[in-house]
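Engineer: The file below is data_31.cif, mmCIF, C-alpha atoms:
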data_work
loop_
_atom_site.group_PDB
_atom_site.id
_atom_site.type_symbol
_atom_site.label_atom_id
_atom_site.label_comp_id
_atom_site.auth_asym_id
_atom_site.auth_seq_id
_atom_site.Cartn_x
_atom_site.Cartn_y
_atom_site.Cartn_z
ATOM 1 C CA MET A 1 15.816 1.649 8.996
ATOM 2 C CA PRO A 2 14.720 0.471 5.517
ATOM 3 C CA PHE A 3 13.519 -3.077 5.084
ATOM 4 C CA GLU A 4 13.631 -5.419 2.139
ATOM 5 C CA SER A 5 10.559 -6.215 0.101
ATOM 6 C CA SER A 6 10.393 -7.953 -3.249
ATOM 7 C CA LEU A 7 7.699 -5.422 -4.204
ATOM 8 C CA ILE A 8 10.023 -2.401 -4.091
ATOM 9 C CA PRO A 9 11.630 -2.879 -7.556
ATOM 10 C CA LYS A 10 8.184 -3.270 -9.150
ATOM 11 C CA LEU A 11 6.835 -0.170 -7.406
ATOM 12 C CA GLU A 12 9.905 1.857 -8.421
ATOM 13 C CA GLU A 13 8.899 1.275 -12.061
ATOM 14 C CA ILE A 14 5.598 3.127 -11.591
ATOM 15 C CA SER A 15 5.777 6.636 -12.995
ATOM 16 C CA ASP A 16 2.565 8.545 -12.545
ATOM 17 C CA PRO A 17 2.794 12.310 -11.994
ATOM 18 C CA SER A 18 -0.398 12.257 -9.923
ATOM 19 C CA ILE A 19 1.299 10.115 -7.234
ATOM 20 C CA ARG A 20 2.904 12.461 -4.694
ATOM 21 C CA TYR A 21 3.920 9.756 -2.262
ATOM 22 C CA LEU A 22 4.470 6.025 -2.675
ATOM 23 C CA GLY A 23 5.684 3.575 -0.073
ATOM 24 C CA ILE A 24 5.269 0.120 1.345
ATOM 25 C CA ILE A 25 4.502 -0.717 4.967
ATOM 26 C CA ASN A 26 5.624 -4.001 6.485
ATOM 27 C CA GLU A 27 3.886 -6.094 9.153
ATOM 28 C CA GLN A 28 5.537 -4.128 11.961
ATOM 29 C CA GLY A 29 4.282 -0.791 10.620
ATOM 30 C CA ARG A 30 7.656 0.301 9.221
ATOM 31 C CA ILE A 31 7.551 2.184 5.949
ATOM 32 C CA GLN A 32 9.958 2.160 3.033
ATOM 33 C CA LYS A 33 9.523 5.281 0.890
ATOM 34 C CA ILE A 34 9.779 4.908 -2.849
ATOM 35 C CA LYS A 35 8.644 8.394 -3.849
ATOM 36 C CA SER A 36 7.911 11.333 -1.586
ATOM 37 C CA ASP A 37 6.859 14.893 -2.267
ATOM 38 C CA LEU A 38 5.305 15.228 1.192
ATOM 39 C CA THR A 39 6.935 17.280 3.906
ATOM 40 C CA LEU A 40 6.277 15.290 7.057
ATOM 41 C CA PRO A 41 8.751 14.968 9.914
ATOM 42 C CA LYS A 42 10.073 11.394 10.250
ATOM 43 C CA GLU A 43 8.144 10.724 13.481
ATOM 44 C CA LYS A 44 4.860 11.870 11.863
ATOM 45 C CA GLU A 45 5.526 9.734 8.798
ATOM 46 C CA ASP A 46 6.129 6.737 11.087
ATOM 47 C CA MET A 47 2.896 7.530 12.942
ATOM 48 C CA LEU A 48 0.978 7.630 9.645
ATOM 49 C CA ALA A 49 2.450 4.267 8.603
ATOM 50 C CA MET A 50 1.465 2.677 11.902
ATOM 51 C CA GLN A 51 -2.058 4.120 11.606
ATOM 52 C CA ILE A 52 -2.487 2.671 8.107
ATOM 53 C CA ARG A 53 -1.074 -0.693 9.235
ATOM 54 C CA LEU A 54 -3.474 -0.780 12.213
ATOM 55 C CA ILE A 55 -6.497 0.040 10.039
ATOM 56 C CA HIS A 56 -5.617 -2.808 7.672
ATOM 57 C CA SER A 57 -4.960 -5.195 10.523
ATOM 58 C CA MET A 58 -8.344 -4.460 12.081
ATOM 59 C CA ALA A 59 -10.127 -4.642 8.722
ATOM 60 C CA GLY A 60 -8.496 -8.033 8.118
ATOM 61 C CA ASP A 61 -10.197 -9.390 11.234
ATOM 62 C CA LEU A 62 -13.469 -9.276 9.288
ATOM 63 C CA ASN A 63 -12.232 -10.937 6.081
ATOM 64 C CA ASP A 64 -14.112 -14.194 6.723
ATOM 65 C CA GLU A 65 -17.421 -12.431 7.271
ATOM 66 C CA LEU A 66 -17.169 -9.544 4.793
ATOM 67 C CA GLY A 67 -14.528 -10.542 2.248
ATOM 68 C CA LEU A 68 -10.999 -9.293 1.574
ATOM 69 C CA VAL A 69 -10.198 -5.578 1.585
ATOM 70 C CA ASP A 70 -9.294 -4.386 -1.922
ATOM 71 C CA ASN A 71 -8.147 -0.894 -0.922
ATOM 72 C CA ILE A 72 -8.874 1.817 1.608
ATOM 73 C CA VAL A 73 -9.189 5.504 0.703
ATOM 74 C CA THR A 74 -8.927 8.320 3.244
ATOM 75 C CA LEU A 75 -9.525 11.960 2.330
ATOM 76 C CA ARG A 76 -7.563 14.570 4.315
ATOM 77 C CA GLY A 77 -7.557 18.209 3.261
ATOM 78 C CA ASN A 78 -6.568 18.357 -0.412
ATOM 79 C CA SER A 79 -5.034 14.873 -0.367
ATOM 80 C CA LYS A 80 -6.276 11.363 -1.003
ATOM 81 C CA PHE A 81 -4.494 8.569 0.886
ATOM 82 C CA ILE A 82 -4.864 5.173 -0.783
ATOM 83 C CA SER A 83 -3.674 1.929 0.760
ATOM 84 C CA ILE A 84 -3.670 -1.487 -0.892
ATOM 85 C CA PRO A 85 -3.011 -4.657 1.127
ATOM 86 C CA ILE A 86 -0.739 -7.159 -0.604
ATOM 87 C CA SER A 87 -0.093 -10.287 1.443
ATOM 88 C CA LYS A 88 1.416 -9.032 4.725
ATOM 89 C CA GLU A 89 2.467 -5.652 3.353
ATOM 90 C CA VAL A 90 0.470 -2.528 2.527
ATOM 91 C CA ILE A 91 1.215 -0.291 -0.433
ATOM 92 C CA THR A 92 0.373 3.300 0.430
ATOM 93 C CA LEU A 93 0.216 6.318 -1.817
ATOM 94 C CA VAL A 94 -0.971 9.894 -1.765
ATOM 95 C CA THR A 95 -2.512 11.825 -4.637
ATOM 96 C CA ASP A 96 -4.436 15.043 -5.030
ATOM 97 C CA ARG A 97 -7.965 14.713 -3.655
ATOM 98 C CA LYS A 98 -9.503 15.113 -7.124
ATOM 99 C CA THR A 99 -7.400 12.389 -8.758
ATOM 100 C CA PRO A 100 -9.521 9.359 -9.716
ATOM 101 C CA HIS A 101 -7.928 6.583 -7.683
ATOM 102 C CA HIS A 102 -9.479 3.563 -9.421
ATOM 103 C CA ASN A 103 -7.085 3.775 -12.382
ATOM 104 C CA ILE A 104 -4.043 4.139 -10.119
ATOM 105 C CA VAL A 105 -5.085 1.118 -8.048
ATOM 106 C CA LYS A 106 -5.543 -0.903 -11.263
ATOM 107 C CA LYS A 107 -2.127 0.230 -12.537
ATOM 108 C CA ILE A 108 -0.406 -0.818 -9.308
ATOM 109 C CA LYS A 109 -2.199 -4.162 -9.151
ATOM 110 C CA LYS A 110 -1.268 -4.883 -12.760
ATOM 111 C CA LYS A 111 2.378 -4.013 -12.074
ATOM 112 C CA ILE A 112 2.562 -6.390 -9.115
ATOM 113 C CA SER A 113 0.259 -9.122 -10.438
ATOM 114 C CA ASN A 114 3.144 -11.600 -10.772
ATOM 115 C CA PHE A 115 4.073 -10.957 -7.147
ATOM 116 C CA GLU A 116 0.534 -11.750 -6.029
ATOM 117 C CA LEU A 117 0.618 -14.988 -8.005
ATOM 118 C CA GLN A 118 3.892 -15.945 -6.318
ATOM 119 C CA ARG A 119 2.217 -15.505 -2.927
ATOM 120 C CA GLU A 120 -0.502 -18.087 -3.682
ATOM 121 C CA PRO A 121 -0.430 -20.985 -1.220
ATOM 122 C CA LEU A 122 1.458 -24.006 -2.471
ATOM 123 C CA VAL A 123 -0.752 -27.093 -2.665
ATOM 124 C CA ILE A 124 1.091 -30.371 -2.267
ATOM 125 C CA GLN A 125 -0.787 -33.435 -3.427
ATOM 126 C CA GLY A 126 0.046 -36.871 -2.525
#
What would the structure in this file look like if it were written as structure tokens?

Structural biologist:
Amino acid sequence: MPFESSLIPKLEEISDPSIRYLGIINEQGRIQKIKSDLTLPKEKEDMLAMQIRLIHSMAGDLNDELGLVDNIVTLRGNSKFISIPISKEVITLVTDRKTPHHNIVKKIKKKISNFELQREPLVIQG
């Protein structure tokens, strides 16, 4: 079942022909597809989302010692899987293995920069 995320409208605006798959994974490991040219059965797609969520969860356990994770890249066959943690959600996308991912990550971060600013902790003085 799809879930609501305020990031989805911003991600839907991204048009890059090198992106074959684009989605967002929530805290429970559920994925909401935005663009998909992959042919994975639903149960395999869910398994992939949970794997990515688990990797980010475990990496987050080391944030204090090593710093925040900017993105994680996994190479599989001819594909490059890129995941970007944003607050409690993870943006995930797939490109061709040879596609330079740094520009795509920058493009996505620029598109959602206002969202990241909205997620800053509120400081109450007084």

Engineer: Which residues are near Leu11 in chain A? Cut-off 8 Å, only C-alpha atoms, ignore same chain within fewer than 6 positions. Put them as a list of chain:residue names.

Structural biologist: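 Once the adjacent positions are removed, what remains is A:Ile34, A:Ile108, A:Lys111, A:Ile112.
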
Engineer: One number please: CA of Glu65 in chain A to CA of Ile84 in chain A, in Å, one decimal.

Structural biologist: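 Answer for the CA of Glu65 in chain A to CA of Ile84 in chain A separation: 19.4 Å.
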
Engineer: To one decimal place in Å, what is the distance between CA of Asp96 in chain A and CA of Val69 in chain A?

Structural biologist: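 Computed distance, CA of Asp96 in chain A to CA of Val69 in chain A, equals 22.4 Å.
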
Engineer: From the list A:Glu27, A:Val94, A:Leu62, A:Lys110, which residue is nearest Gly77 in chain A when using all atoms listed in the file?

Structural biologist: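 Looking only at the distances to Gly77 in chain A, the closest residue turns out to be A:Val94.
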
Engineer: Which residues, written as a list in words, have at least one atom at most 9 Å from Ile82 in chain A, with all atoms listed in the file counted and residues fewer than 2 positions away on the same chain left out?

Structural biologist: Asn71, Ile72, Val73, Thr74, Leu75, Lys80, Ile84, Ile91, Thr92, Leu93, Val94, Thr95, His101 and Val105 of chain A

Engineer: Based on the selection just made, write C-alpha atoms of those residues as an mmCIF file, in the frame of the given file.

Structural biologist:
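New file again39.cif:
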data_model
loop_
_atom_site.group_PDB
_atom_site.id
_atom_site.type_symbol
_atom_site.label_atom_id
_atom_site.label_comp_id
_atom_site.auth_asym_id
_atom_site.auth_seq_id
_atom_site.Cartn_x
_atom_site.Cartn_y
_atom_site.Cartn_z
ATOM 1 C CA ASN A 71 -8.147 -0.894 -0.922
ATOM 2 C CA ILE A 72 -8.874 1.817 1.608
ATOM 3 C CA VAL A 73 -9.189 5.504 0.703
ATOM 4 C CA THR A 74 -8.927 8.320 3.244
ATOM 5 C CA LEU A 75 -9.525 11.960 2.330
ATOM 6 C CA LYS A 80 -6.276 11.363 -1.003
ATOM 7 C CA ILE A 84 -3.670 -1.487 -0.892
ATOM 8 C CA ILE A 91 1.215 -0.291 -0.433
ATOM 9 C CA THR A 92 0.373 3.300 0.430
ATOM 10 C CA LEU A 93 0.216 6.318 -1.817
ATOM 11 C CA VAL A 94 -0.971 9.894 -1.765
ATOM 12 C CA THR A 95 -2.512 11.825 -4.637
ATOM 13 C CA HIS A 101 -7.928 6.583 -7.683
ATOM 14 C CA VAL A 105 -5.085 1.118 -8.048
#
